[in-house]
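> Sharing final-v3.txt below, compact mmCIF, C-alpha atoms:
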# COMPACT_ATOMS: atom_id res chain seq x y z
CA MET A 1 25.04 4.08 5.48
CA SER A 2 26.22 7.60 4.73
CA GLN A 3 23.98 10.34 3.40
CA SER A 4 26.79 11.11 0.96
CA ASN A 5 26.24 7.65 -0.50
CA PRO A 6 22.62 7.69 -1.68
CA ILE A 7 20.48 4.58 -1.78
CA THR A 8 19.64 3.34 -5.26
CA LEU A 9 16.19 2.05 -6.03
CA ILE A 10 14.48 0.98 -9.23
CA GLY A 11 10.83 1.81 -9.76
CA ALA A 12 8.09 3.29 -11.91
CA PRO A 13 5.73 6.29 -11.50
CA PRO A 14 2.57 4.11 -11.88
CA SER A 15 3.75 1.83 -9.07
CA PRO A 16 1.99 2.76 -5.79
CA TYR A 17 4.75 1.11 -3.75
CA THR A 18 7.44 3.10 -5.57
CA ARG A 19 5.57 6.29 -4.75
CA LYS A 20 5.08 5.17 -1.15
CA MET A 21 8.79 4.63 -0.62
CA ILE A 22 10.00 7.75 -2.43
CA ALA A 23 7.69 9.87 -0.27
CA ILE A 24 9.08 8.21 2.87
CA MET A 25 12.66 8.79 1.71
CA ARG A 26 11.87 12.46 1.10
CA TYR A 27 10.15 12.91 4.46
CA ARG A 28 12.95 11.18 6.35
CA GLN A 29 15.51 13.11 4.23
CA ILE A 30 17.39 9.97 3.23
CA ALA A 31 19.49 10.56 0.13
CA TYR A 32 18.46 8.40 -2.80
CA ARG A 33 18.62 8.08 -6.55
CA ILE A 34 15.90 6.36 -8.51
CA MET A 35 16.16 4.54 -11.81
CA TRP A 36 12.87 4.55 -13.74
CA ALA A 37 13.07 1.10 -15.27
CA GLU A 38 12.27 -2.57 -14.94
CA PRO A 39 14.80 -4.05 -12.51
CA GLY A 40 15.65 -7.24 -14.44
CA ALA A 41 17.99 -5.81 -17.07
CA ILE A 42 19.66 -3.45 -14.58
CA LEU A 43 20.33 -6.25 -12.08
CA ASP A 44 21.74 -8.44 -14.85
CA ARG A 45 24.03 -5.64 -15.98
CA MET A 46 25.23 -5.06 -12.42
CA GLY A 47 25.68 -8.78 -11.72
CA ILE A 48 23.19 -8.70 -8.82
CA ALA A 49 20.93 -11.70 -8.29
CA LYS A 50 17.26 -11.07 -8.92
CA PRO A 51 14.89 -11.49 -5.97
CA LYS A 52 12.63 -14.55 -5.97
CA VAL A 53 9.64 -12.30 -6.58
CA ALA A 54 10.42 -9.15 -8.54
CA LEU A 55 8.46 -6.20 -7.17
CA LEU A 56 8.62 -2.43 -7.50
CA PRO A 57 10.42 -0.68 -6.09
CA THR A 58 13.56 -2.78 -5.98
CA TYR A 59 16.16 -1.42 -3.54
CA LEU A 60 19.87 -2.09 -3.84
CA LEU A 61 21.03 -2.46 -0.24
CA PRO A 62 24.18 -3.97 1.24
CA ASP A 63 24.03 -7.41 2.82
CA SER A 64 25.98 -8.40 5.94
CA ALA A 65 29.16 -8.65 3.84
CA GLY A 66 28.65 -5.23 2.30
CA GLN A 67 27.64 -6.57 -1.11
CA LEU A 68 24.65 -5.00 -2.82
CA GLN A 69 21.56 -7.17 -3.05
CA ALA A 70 18.11 -6.61 -4.52
CA VAL A 71 15.44 -6.13 -1.84
CA CYS A 72 11.76 -5.54 -2.55
CA ASP A 73 9.18 -5.73 0.23
CA SER A 74 8.38 -2.17 1.36
CA THR A 75 7.29 -2.86 4.96
CA PRO A 76 10.54 -4.50 6.16
CA ILE A 77 12.55 -1.95 4.17
CA ILE A 78 10.83 0.82 6.15
CA ARG A 79 11.86 -0.90 9.41
CA ARG A 80 15.43 -1.30 8.17
CA LEU A 81 15.62 2.39 7.28
CA GLU A 82 14.28 3.22 10.74
CA ALA A 83 17.13 1.24 12.29
CA GLU A 84 19.88 2.60 10.05
CA TYR A 85 18.97 6.29 9.66
CA GLY A 86 18.10 9.17 11.92
CA GLY A 87 15.47 11.73 11.12
CA PRO A 88 11.73 11.72 11.67
CA SER A 89 10.29 8.29 12.31
CA VAL A 90 7.19 6.94 10.58
CA ILE A 91 6.50 4.49 13.43
CA PRO A 92 4.40 5.90 16.31
CA ASP A 93 5.99 5.94 19.76
CA ASP A 94 2.93 4.43 21.43
CA PRO A 95 3.18 0.64 20.91
CA ALA A 96 -0.60 0.33 20.59
CA MET A 97 -0.69 3.01 17.90
CA ALA A 98 2.35 1.44 16.20
CA PHE A 99 0.26 -1.72 15.85
CA ILE A 100 -2.71 0.23 14.43
CA ASP A 101 -0.32 1.93 12.02
CA TYR A 102 1.04 -1.47 10.96
CA LEU A 103 -2.48 -2.83 10.41
CA LEU A 104 -3.50 0.16 8.31
CA GLU A 105 -0.27 0.00 6.31
CA ASP A 106 -0.99 -3.64 5.54
CA PHE A 107 -4.59 -2.80 4.54
CA ALA A 108 -3.41 -0.07 2.17
CA ASP A 109 -0.75 -2.30 0.64
CA GLU A 110 -2.90 -5.41 0.25
CA TRP A 111 -6.53 -4.27 -0.09
CA GLY A 112 -5.86 -0.79 -1.48
CA THR A 113 -4.09 -2.38 -4.41
CA LYS A 114 -7.36 -4.16 -5.26
CA TYR A 115 -8.95 -0.75 -5.78
CA MET A 116 -6.01 0.32 -7.93
CA PHE A 117 -5.75 -2.78 -10.10
CA HIS A 118 -9.53 -3.08 -10.51
CA TYR A 119 -10.06 0.51 -11.60
CA ARG A 120 -6.99 0.48 -13.83
CA TRP A 121 -8.08 -2.50 -15.89
CA HIS A 122 -11.81 -3.17 -15.41
CA PRO A 123 -13.40 0.01 -16.85
CA GLU A 124 -12.68 0.28 -20.58
CA ALA A 125 -11.64 3.94 -20.49
CA ASP A 126 -9.17 3.30 -17.66
CA ALA A 127 -7.67 0.28 -19.42
CA ASP A 128 -7.20 2.40 -22.54
CA ASN A 129 -5.50 5.12 -20.49
CA ALA A 130 -3.17 2.70 -18.71
CA GLY A 131 -2.45 0.70 -21.85
CA THR A 132 -1.34 3.88 -23.61
CA LEU A 133 0.74 5.41 -20.83
CA LEU A 134 2.46 2.43 -19.20
CA PRO A 135 4.63 1.59 -22.25
CA LEU A 136 5.76 5.22 -22.40
CA PHE A 137 7.13 5.00 -18.87
CA HIS A 138 9.46 2.30 -20.22
CA GLN A 139 10.49 4.29 -23.29
CA LEU A 140 9.21 7.81 -23.83
CA ASN A 141 10.29 7.96 -27.48
CA LEU A 142 8.80 4.58 -28.37
CA PRO A 143 7.78 4.59 -32.06
CA THR A 144 4.02 4.73 -32.56
CA GLU A 145 3.79 1.30 -34.17
CA GLN A 146 5.65 -0.30 -31.26
CA LEU A 147 3.57 1.70 -28.79
CA ASN A 148 0.35 0.35 -30.27
CA SER A 149 1.71 -3.19 -30.21
CA PHE A 150 2.93 -2.86 -26.61
CA LYS A 151 -0.39 -1.30 -25.63
CA SER A 152 -2.35 -4.28 -26.95
CA TYR A 153 0.01 -6.73 -25.26
CA ILE A 154 0.01 -5.13 -21.82
CA THR A 155 -3.73 -4.41 -21.84
CA ASP A 156 -4.66 -7.96 -22.78
CA ARG A 157 -2.24 -9.34 -20.20
CA GLN A 158 -3.39 -7.17 -17.31
CA VAL A 159 -7.12 -7.43 -18.05
CA GLY A 160 -6.60 -11.18 -18.13
CA ARG A 161 -5.08 -11.02 -14.65
CA LEU A 162 -7.95 -9.15 -12.95
CA HIS A 163 -9.03 -12.40 -11.30
CA VAL A 164 -5.77 -12.37 -9.33
CA VAL A 165 -7.07 -9.52 -7.15
CA GLY A 166 -10.62 -10.85 -7.19
CA SER A 167 -11.95 -8.30 -9.69
CA ASN A 168 -14.83 -9.43 -11.90
CA ASP A 169 -18.33 -8.33 -12.83
CA ILE A 170 -19.74 -9.73 -9.56
CA THR A 171 -17.18 -8.12 -7.25
CA ALA A 172 -16.92 -4.81 -9.16
CA PRO A 173 -19.76 -3.24 -7.13
CA VAL A 174 -18.15 -4.48 -3.90
CA ILE A 175 -14.82 -2.88 -4.77
CA ASP A 176 -16.52 0.33 -5.86
CA ALA A 177 -18.60 0.54 -2.66
CA SER A 178 -15.55 -0.17 -0.48
CA TYR A 179 -13.53 2.55 -2.21
CA LYS A 180 -16.32 5.08 -1.72
CA ARG A 181 -16.77 4.13 1.94
CA LEU A 182 -13.04 4.50 2.55
CA LEU A 183 -13.06 7.93 0.90
CA ALA A 184 -16.00 8.97 3.10
CA ALA A 185 -14.21 7.74 6.23
CA LEU A 186 -11.04 9.58 5.21
CA GLU A 187 -12.95 12.80 4.60
CA THR A 188 -14.44 12.65 8.08
CA HIS A 189 -11.05 11.86 9.65
CA LEU A 190 -9.09 14.48 7.72
CA ALA A 191 -11.56 17.11 8.88
CA GLN A 192 -10.23 16.39 12.41
CA GLN A 193 -6.49 16.00 11.81
CA PRO A 194 -4.10 16.00 8.82
CA TYR A 195 -2.80 12.42 9.06
CA LEU A 196 -4.03 9.00 10.10
CA MET A 197 -1.82 8.89 13.18
CA GLY A 198 -2.17 12.48 14.37
CA ASP A 199 -0.34 15.65 13.38
CA ARG A 200 2.50 13.76 11.72
CA PRO A 201 2.45 10.94 9.16
CA GLY A 202 2.99 7.27 9.92
CA ALA A 203 3.93 4.44 7.59
CA SER A 204 0.21 3.87 7.03
CA ASP A 205 -0.17 7.39 5.63
CA PHE A 206 2.55 6.75 3.07
CA ALA A 207 1.13 3.34 2.16
CA LEU A 208 -2.29 4.87 1.60
CA TYR A 209 -0.70 7.77 -0.28
CA GLY A 210 1.00 5.32 -2.64
CA GLN A 211 -2.31 3.78 -3.68
CA LEU A 212 -3.98 7.19 -3.88
CA THR A 213 -1.33 8.55 -6.26
CA GLN A 214 -2.82 6.14 -8.77
CA LEU A 215 -6.47 6.32 -7.75
CA VAL A 216 -6.50 10.12 -7.52
CA GLY A 217 -3.79 10.99 -10.00
CA PHE A 218 -3.55 8.39 -12.77
CA ASP A 219 -6.71 6.37 -13.39
CA PRO A 220 -9.74 8.32 -14.71
CA THR A 221 -12.65 6.54 -12.99
CA PRO A 222 -11.39 6.56 -9.36
CA ARG A 223 -9.97 10.05 -9.90
CA ALA A 224 -13.41 11.37 -10.84
CA ILE A 225 -14.96 9.62 -7.83
CA ALA A 226 -12.37 11.06 -5.44
CA HIS A 227 -12.70 14.61 -6.79
CA ARG A 228 -16.46 14.39 -6.45
CA LEU A 229 -16.62 12.80 -2.99
CA ALA A 230 -13.36 13.50 -1.20
CA PRO A 231 -11.61 16.85 -1.79
CA ARG A 232 -9.69 16.59 1.48
CA THR A 233 -8.30 13.22 0.38
CA VAL A 234 -7.27 14.67 -2.98
CA ALA A 235 -5.37 17.45 -1.20
CA TYR A 236 -3.89 14.97 1.33
CA THR A 237 -2.50 12.94 -1.57
CA SER A 238 -0.74 15.95 -3.07
CA LEU A 239 0.63 17.13 0.26
CA LEU A 240 2.12 13.77 1.22
CA GLU A 241 4.27 13.73 -1.89
CA ASP A 242 6.84 15.94 -0.20
CA GLN A 243 6.84 16.42 3.57
CA THR A 244 10.47 17.52 3.89
CA GLY A 245 9.41 20.82 5.48
CA LEU A 246 7.51 19.16 8.33
CA GLU A 247 9.18 19.41 11.74
CA PRO A 248 7.31 16.79 13.75
CA GLN A 249 7.31 16.57 17.54
CA ALA A 250 6.74 13.49 19.68
CA SER A 251 3.53 15.10 20.93
CA ASP A 252 2.17 15.11 17.37
CA TRP A 253 1.38 11.40 17.55
CA ASN A 254 -2.03 10.27 18.74
CA SER A 255 -2.01 7.83 21.62
CA ALA A 256 -4.53 5.03 21.85
CA GLU A 257 -6.46 7.23 24.29
CA THR A 258 -6.38 10.43 22.19
CA ALA A 259 -7.02 8.93 18.75
CA PRO A 260 -10.24 10.44 17.41
CA GLU A 261 -13.34 8.32 16.85
CA THR A 262 -12.92 9.02 13.13
CA LEU A 263 -9.97 6.61 13.06
CA LYS A 264 -12.39 3.87 14.03
CA GLY A 265 -14.42 4.69 10.92
CA ILE A 266 -11.42 3.80 8.76
CA LEU A 267 -10.76 0.65 10.79
CA LYS A 268 -14.35 -0.44 10.27
CA GLU A 269 -13.73 -0.61 6.53
CA VAL A 270 -10.66 -2.76 7.20
CA GLY A 271 -12.78 -5.09 9.30
CA HIS A 272 -15.65 -5.08 6.82
CA VAL A 273 -13.73 -6.16 3.72
CA TYR A 274 -10.09 -7.04 4.42
CA ALA A 275 -10.55 -9.12 7.60
CA PRO A 276 -12.90 -11.70 6.02
CA ALA A 277 -10.61 -11.97 3.00
CA LEU A 278 -7.57 -12.65 5.20
CA LEU A 279 -9.43 -15.30 7.18
CA ALA A 280 -10.81 -17.04 4.09
CA ASN A 281 -7.38 -17.07 2.45
CA ALA A 282 -5.81 -18.54 5.61
CA LYS A 283 -8.48 -21.25 5.80
CA ALA A 284 -7.89 -22.17 2.16
CA MET A 285 -4.13 -22.34 2.75
CA GLN A 286 -4.61 -24.72 5.68
CA ALA A 287 -6.87 -26.92 3.54
CA GLY A 288 -4.48 -26.86 0.59
CA GLU A 289 -7.13 -25.25 -1.64
CA LYS A 290 -6.02 -23.15 -4.61
CA THR A 291 -8.99 -20.77 -4.43
CA TRP A 292 -11.34 -19.48 -1.75
CA GLU A 293 -14.68 -17.78 -1.56
CA VAL A 294 -16.37 -15.79 1.17
CA GLU A 295 -19.22 -13.32 1.51
CA ILE A 296 -17.96 -9.74 1.53
CA ASP A 297 -20.41 -6.87 1.68
CA GLY A 298 -23.28 -9.18 0.71
CA SER A 299 -21.62 -10.65 -2.38
CA CYS A 300 -19.66 -13.82 -3.03
CA TRP A 301 -15.97 -13.03 -3.39
CA THR A 302 -13.86 -15.69 -5.12
CA GLN A 303 -10.11 -15.39 -5.43
CA GLN A 304 -6.88 -17.30 -5.85
CA THR A 305 -5.20 -18.37 -2.61
CA PHE A 306 -1.96 -16.52 -1.90
CA ASN A 307 0.79 -17.52 0.51
CA TYR A 308 1.81 -13.88 0.92
CA GLN A 309 -1.61 -12.88 2.27
CA GLY A 310 -1.30 -15.80 4.67
CA LYS A 311 2.00 -14.35 5.84
CA CYS A 312 0.39 -10.93 6.21
CA LEU A 313 -2.10 -12.40 8.68
CA GLN A 314 0.73 -14.13 10.57
CA TRP A 315 2.79 -10.92 10.67
CA ILE A 316 -0.16 -8.89 11.95
CA ASN A 317 -0.59 -11.37 14.77
CA ALA A 318 3.14 -11.47 15.49
CA GLU A 319 3.05 -7.67 15.94
CA TYR A 320 0.01 -8.02 18.19
CA GLN A 321 1.51 -10.79 20.33
CA ALA A 322 4.74 -8.79 20.72
CA LEU A 323 2.78 -6.16 22.67
CA ASN A 324 2.60 -6.43 26.42
CA GLU A 325 -0.73 -7.30 28.00
CA GLY A 326 -1.63 -3.70 28.73
CA ASP A 327 -0.95 -2.51 25.19
CA ARG A 328 -2.92 -5.43 23.74
CA ALA A 329 -5.86 -4.35 25.90
CA ARG A 330 -5.53 -0.81 24.54
CA VAL A 331 -5.49 -2.14 20.97
CA ASN A 332 -8.52 -4.28 21.74
CA SER A 333 -10.38 -1.21 22.93
CA LEU A 334 -9.58 0.66 19.72
CA LEU A 335 -10.60 -2.25 17.51
CA GLN A 336 -13.75 -3.30 19.38
CA GLY A 337 -16.70 -3.33 17.02
CA THR A 338 -14.63 -2.71 13.87
CA GLY A 339 -14.39 -6.33 12.73
CA CYS A 340 -10.60 -6.14 12.85
CA GLU A 341 -10.65 -7.97 16.19
CA ASN A 342 -11.65 -11.11 14.29
CA ILE A 343 -8.18 -11.52 12.77
CA LEU A 344 -6.30 -11.35 16.07
CA PHE A 345 -5.40 -14.68 17.69
Could I get this structure in the form of structure tokens?


Amino acid sequence: MSQSNPITLIGAPPSPYTRKMIAIMRYRQIAYRIMWAEPGAILDRMGIAKPKVALLPTYLLPDSAGQLQAVCDSTPIIRRLEAEYGGPSVIPDDPAMAFIDYLLEDFADEWGTKYMFHYRWHPEADADNAGTLLPLFHQLNLPTEQLNSFKSYITDRQVGRLHVVGSNDITAPVIDASYKRLLAALETHLAQQPYLMGDRPGASDFALYGQLTQLVGFDPTPRAIAHRLAPRTVAYTSLLEDQTGLEPQASDWNSAETAPETLKGILKEVGHVYAPALLANAKAMQAGEKTWEVEIDGSCWTQQTFNYQGKCLQWINAEYQALNEGDRARVNSLLQGTGCENILF
């Protein structure tokens, strides 16, 4: 693709994945244009088939015949952009660190969104904030009567879907404690180096940034927590928005041997909450059960079974098995004692 022919994507400011991908496009200096809208009507107007699962952002990328198609999943899109464009990579050179980056990206995308969705719709003040603002991202000049009607509709719908991410009165303290532990781990790490992967950002940084744009910048409750507990993380979130001025060097990446111990602190949170959830979901899938429950952080977590999370576990292990024996040993050393080792087969 030519830089004179910018990539089109469709997204929304309150979408963490939209923010993740825009920040990556900026950093990698890939020309793009974004349409702030729901993709359905735009795809219909353009005569482009809708994806099976409509997610934000939706990219319009050429297929093998050169015809535009709607593509959604951010992780494979990142890898496609790596293959098709020059510029600074967001994948570490060290295969062991590339795996750690992949694992942390997956954690941010799949567990970080639990923080975001829970805080957006569980506390009353946050639900009121989101219910008011989200309709205005669709139409800024929406008449007040329609705004109030849309607000009631979207709030009732999203609050009613909290169970999808496992959010309820029982798990609320678990989610809150996990968020605060992650912020504490990030504060400790960011006191050592400016990014998760060293002195330059990896895909995991941008995935985490996407969630933090909402937690730190949009939703009142997690924003107040972050400003109170994690000023470095607040600054990190603002800085990652536009990294076009960064001139990274290969030496800026950590290797498995030079990664600071503080990275392990972040990985311990992954192992503490996300690993048991992945394993319980996979077990439920194998048994054909529609829901699963498991103890996480001393509480019973119950949630709907999702095929996608099952695929996430498979993809993590595919990345791990693709490493040579030496690099797997280096990954094992990094993950030892974090709990993350439990999801590797």

> If you count all atoms listed in the file, which residues fall within 10 Å of Glu105 of chain A, apart from same-chain ones fewer than 4 positions away, as a list in words?

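The contact residues come out as Thr75, Phe99, Ile100, Asp101, Asp109, Glu110, Trp111, Gly112, Gly202, Ala203, Ser204, Asp205, Phe206, Ala207 and Leu208 of chain A.
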
> Taking the point (5.1, 5.5, 3.7) as given in the file, collect each protein or nucleic acid residue that comes within 12 Å of it, counting only C-alpha atoms, and present the set as a PyMOL selection string.

chain A and resi 16-28+74-79+81-82+89-91+101-102+104-106+108-109+195-196+200-212+237+240-243

> Applying 10 Å and only C-alpha atoms, which residues near Tyr119 of chain A remain after dropping the ones on its own chain fewer than 3 positions away? List them as a PyMOL selection string.

chain A and resi 113-116+122-127+162+167+172+175-176+214-215+219-223

> Identify the residues within 10 Å of coordinate (-10.4, -1.3, 7.8) (same frame as the file), considering only C-alpha atoms, and give the answer as a list of chain:residue names.

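Using only C-alpha atoms, the matching residues come out as A:Leu103, A:Leu104, A:Asp106, A:Phe107, A:Ala108, A:Trp111, A:Ser178, A:Leu182, A:Ala185, A:Leu263, A:Lys264, A:Gly265, A:Ile266, A:Leu267, A:Lys268, A:Glu269, A:Val270, A:Gly271, A:His272, A:Val273, A:Tyr274, A:Ala275, A:Leu335, A:Thr338, A:Gly339, A:Cys340.
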
> Could you give me, as a VMD selection string, the residues within 7 Å of Thr58 of chain A, counting all atoms listed in the file and dropping anything in the same chain fewer than 4 positions from it?

chain A and resid 9 to 11 39 70 to 72

> Restrict the selected residues to C-alpha atoms and save them as a short mmCIF file (atom, residue, chain, number, x, y, z; two decimals), in the coordinates of the input.


data_model
loop_
_atom_site.label_atom_id
_atom_site.label_comp_id
_atom_site.auth_asym_id
_atom_site.auth_seq_id
_atom_site.Cartn_x
_atom_site.Cartn_y
_atom_site.Cartn_z
CA LEU A 9 16.19 2.05 -6.03
CA ILE A 10 14.48 0.98 -9.23
CA GLY A 11 10.83 1.81 -9.76
CA PRO A 39 14.80 -4.05 -12.51
CA ALA A 70 18.11 -6.61 -4.52
CA VAL A 71 15.44 -6.13 -1.84
CA CYS A 72 11.76 -5.54 -2.55
#

> Measure the distance from atom CA of Gln249 of chain A to atom CA of His189 of chain A in Å and round it to one decimal.

20.5 Å

> Given all atoms listed in the file as the basis, pick out the residue of A:Glu145, A:Glu261, A:Asp156, A:Glu341 nearest to Thr188 of chain A.

A:Glu261

> Of the candidates A:Pro6, A:Pro95, A:Pro51, A:Pro62, which shows the shortest atom-to-atom distance to Val331 of chain A, using all atoms listed in the file?

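The shortest atom-to-atom distance to Val331 of chain A comes from A:Pro95.
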
> I need the residue nearest Thr233 of chain A from this list: A:His118, A:Lys180, A:Arg330, A:His163. Use only C-alpha atoms for the distance.

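Closest candidate: A:Lys180.
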
> Report, in Å with one decimal, the straight-line distance from atom CA of Ile42 of chain A to atom CA of Leu68 of chain A.

12.9 Å

> Need the shell around Gln192 of chain A: protein/DNA/RNA residues with any atom at most 12 Å away, counting only C-alpha atoms. Skip same-chain ones fewer than 6 positions apart. Format as an NGL selection string?

:A and (185-186 or 198-199 or 232 or 259-263)

> Write the selection just made, keeping C-alpha atoms, as a PDB file, in the frame of the given file?


ATOM      1  CA  ALA A 185     -14.210   7.740   6.230  1.00  0.00           C
ATOM      2  CA  LEU A 186     -11.040   9.580   5.210  1.00  0.00           C
ATOM      3  CA  GLY A 198      -2.170  12.480  14.370  1.00  0.00           C
ATOM      4  CA  ASP A 199      -0.340  15.650  13.380  1.00  0.00           C
ATOM      5  CA  ARG A 232      -9.690  16.590   1.480  1.00  0.00           C
ATOM      6  CA  ALA A 259      -7.020   8.930  18.750  1.00  0.00           C
ATOM      7  CA  PRO A 260     -10.240  10.440  17.410  1.00  0.00           C
ATOM      8  CA  GLU A 261     -13.340   8.320  16.850  1.00  0.00           C
ATOM      9  CA  THR A 262     -12.920   9.020  13.130  1.00  0.00           C
ATOM     10  CA  LEU A 263      -9.970   6.610  13.060  1.00  0.00           C
TER      11      LEU A 263
END

> Which of these residues is nearest to Leu56 of chain A, using all atoms listed in the file: A:Ile316, A:Ala12, A:Ala256, A:Leu43?

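Closest candidate: A:Ala12.
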
> Quick one: distance from atom CA of Ser251 of chain A to atom CA of Leu190 of chain A in Å, one decimal?

18.3 Å

> In terms of the shortest atom-to-atom distance over all atoms listed in the file, which of A:Gln146, A:Ser333, A:Thr171, A:Gln29 is closest to Asp297 of chain A?

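Closest to Asp297 of chain A, using all atoms listed in the file: A:Thr171.
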
> Please determine, counting only C-alpha atoms, which residue among A:Tyr236, A:Tyr85, A:Phe218, A:Phe345 has the shortest atom-to-atom distance to Gly131 of chain A.

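Of all the options, A:Phe218 lies closest to Gly131 of chain A.
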
> So for segment 170-181 of chain A, what box centre and size do we get, axis-aligned, 8 Å extra on each of the six sides, every listed atom, Å to one decimal, as lines of an AutoDock Vina configuration file?


center_x = -16.6
center_y = -2.3
center_z = -3.8
size_x = 22.2
size_y = 30.8
size_z = 27.5

> Residues at most 12 Å from Val294 of chain A, counting only C-alpha atoms, excluding those fewer than 4 positions away in the same chain, as a list in words?

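So the residues in contact are Gly166, Thr171, Val273, Tyr274, Ala275, Pro276, Ala277, Leu278, Leu279, Ala280, Asn281, Ala282, Lys283, Ala284, Gly298, Ser299, Cys300, Trp301, Thr302, Gln303 and Gln304 of chain A.
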
> Only C-alpha atoms, please: the residues just picked out, written as a PDB file, in the coordinates of the input.


ATOM      1  CA  GLY A 166     -10.620 -10.850  -7.190  1.00  0.00           C
ATOM      2  CA  THR A 171     -17.180  -8.120  -7.250  1.00  0.00           C
ATOM      3  CA  VAL A 273     -13.730  -6.160   3.720  1.00  0.00           C
ATOM      4  CA  TYR A 274     -10.090  -7.040   4.420  1.00  0.00           C
ATOM      5  CA  ALA A 275     -10.550  -9.120   7.600  1.00  0.00           C
ATOM      6  CA  PRO A 276     -12.900 -11.700   6.020  1.00  0.00           C
ATOM      7  CA  ALA A 277     -10.610 -11.970   3.000  1.00  0.00           C
ATOM      8  CA  LEU A 278      -7.570 -12.650   5.200  1.00  0.00           C
ATOM      9  CA  LEU A 279      -9.430 -15.300   7.180  1.00  0.00           C
ATOM     10  CA  ALA A 280     -10.810 -17.040   4.090  1.00  0.00           C
ATOM     11  CA  ASN A 281      -7.380 -17.070   2.450  1.00  0.00           C
ATOM     12  CA  ALA A 282      -5.810 -18.540   5.610  1.00  0.00           C
ATOM     13  CA  LYS A 283      -8.480 -21.250   5.800  1.00  0.00           C
ATOM     14  CA  ALA A 284      -7.890 -22.170   2.160  1.00  0.00           C
ATOM     15  CA  GLY A 298     -23.280  -9.180   0.710  1.00  0.00           C
ATOM     16  CA  SER A 299     -21.620 -10.650  -2.380  1.00  0.00           C
ATOM     17  CA  CYS A 300     -19.660 -13.820  -3.030  1.00  0.00           C
ATOM     18  CA  TRP A 301     -15.970 -13.030  -3.390  1.00  0.00           C
ATOM     19  CA  THR A 302     -13.860 -15.690  -5.120  1.00  0.00           C
ATOM     20  CA  GLN A 303     -10.110 -15.390  -5.430  1.00  0.00           C
ATOM     21  CA  GLN A 304      -6.880 -17.300  -5.850  1.00  0.00           C
TER      22      GLN A 304
END

> Dump segment 96-137 of chain A with C-alpha atoms to a file, as an mmCIF file, in the first residue's frame.


data_model
loop_
_atom_site.group_PDB
_atom_site.id
_atom_site.type_symbol
_atom_site.label_atom_id
_atom_site.label_comp_id
_atom_site.auth_asym_id
_atom_site.auth_seq_id
_atom_site.Cartn_x
_atom_site.Cartn_y
_atom_site.Cartn_z
ATOM 1 C CA ALA A 96 11.252 -14.304 23.844
ATOM 2 C CA MET A 97 10.316 -10.674 24.433
ATOM 3 C CA ALA A 98 8.029 -10.733 21.380
ATOM 4 C CA PHE A 99 6.123 -13.523 23.117
ATOM 5 C CA ILE A 100 5.926 -11.549 26.386
ATOM 6 C CA ASP A 101 4.709 -8.551 24.395
ATOM 7 C CA TYR A 102 2.049 -10.734 22.747
ATOM 8 C CA LEU A 103 0.910 -12.081 26.126
ATOM 9 C CA LEU A 104 0.641 -8.606 27.632
ATOM 10 C CA GLU A 105 -1.183 -7.296 24.565
ATOM 11 C CA ASP A 106 -3.702 -10.103 24.930
ATOM 12 C CA PHE A 107 -4.100 -9.368 28.658
ATOM 13 C CA ALA A 108 -4.750 -5.681 27.978
ATOM 14 C CA ASP A 109 -7.228 -6.443 25.204
ATOM 15 C CA GLU A 110 -9.138 -9.178 27.023
ATOM 16 C CA TRP A 111 -8.818 -8.522 30.768
ATOM 17 C CA GLY A 112 -8.229 -4.764 30.598
ATOM 18 C CA THR A 113 -11.578 -4.398 28.897
ATOM 19 C CA LYS A 114 -13.188 -5.922 31.997
ATOM 20 C CA TYR A 115 -11.880 -2.970 33.990
ATOM 21 C CA MET A 116 -13.191 -0.574 31.363
ATOM 22 C CA PHE A 117 -16.654 -2.076 30.922
ATOM 23 C CA HIS A 118 -17.127 -2.628 34.667
ATOM 24 C CA TYR A 119 -16.215 0.909 35.679
ATOM 25 C CA ARG A 120 -18.170 2.428 32.794
ATOM 26 C CA TRP A 121 -21.459 0.786 33.699
ATOM 27 C CA HIS A 122 -21.356 -0.532 37.291
ATOM 28 C CA PRO A 123 -20.953 2.697 39.323
ATOM 29 C CA GLU A 124 -24.025 4.916 38.926
ATOM 30 C CA ALA A 125 -22.074 8.121 38.299
ATOM 31 C CA ASP A 126 -19.995 6.479 35.568
ATOM 32 C CA ALA A 127 -23.061 4.998 33.872
ATOM 33 C CA ASP A 128 -24.663 8.447 33.885
ATOM 34 C CA ASN A 129 -21.518 9.954 32.349
ATOM 35 C CA ALA A 130 -21.251 7.305 29.632
ATOM 36 C CA GLY A 131 -24.980 7.293 28.934
ATOM 37 C CA THR A 132 -24.865 11.035 28.316
ATOM 38 C CA LEU A 133 -21.711 11.208 26.215
ATOM 39 C CA LEU A 134 -21.855 8.085 24.055
ATOM 40 C CA PRO A 135 -24.922 9.207 22.048
ATOM 41 C CA LEU A 136 -23.201 12.523 21.339
ATOM 42 C CA PHE A 137 -20.292 10.735 19.694
#
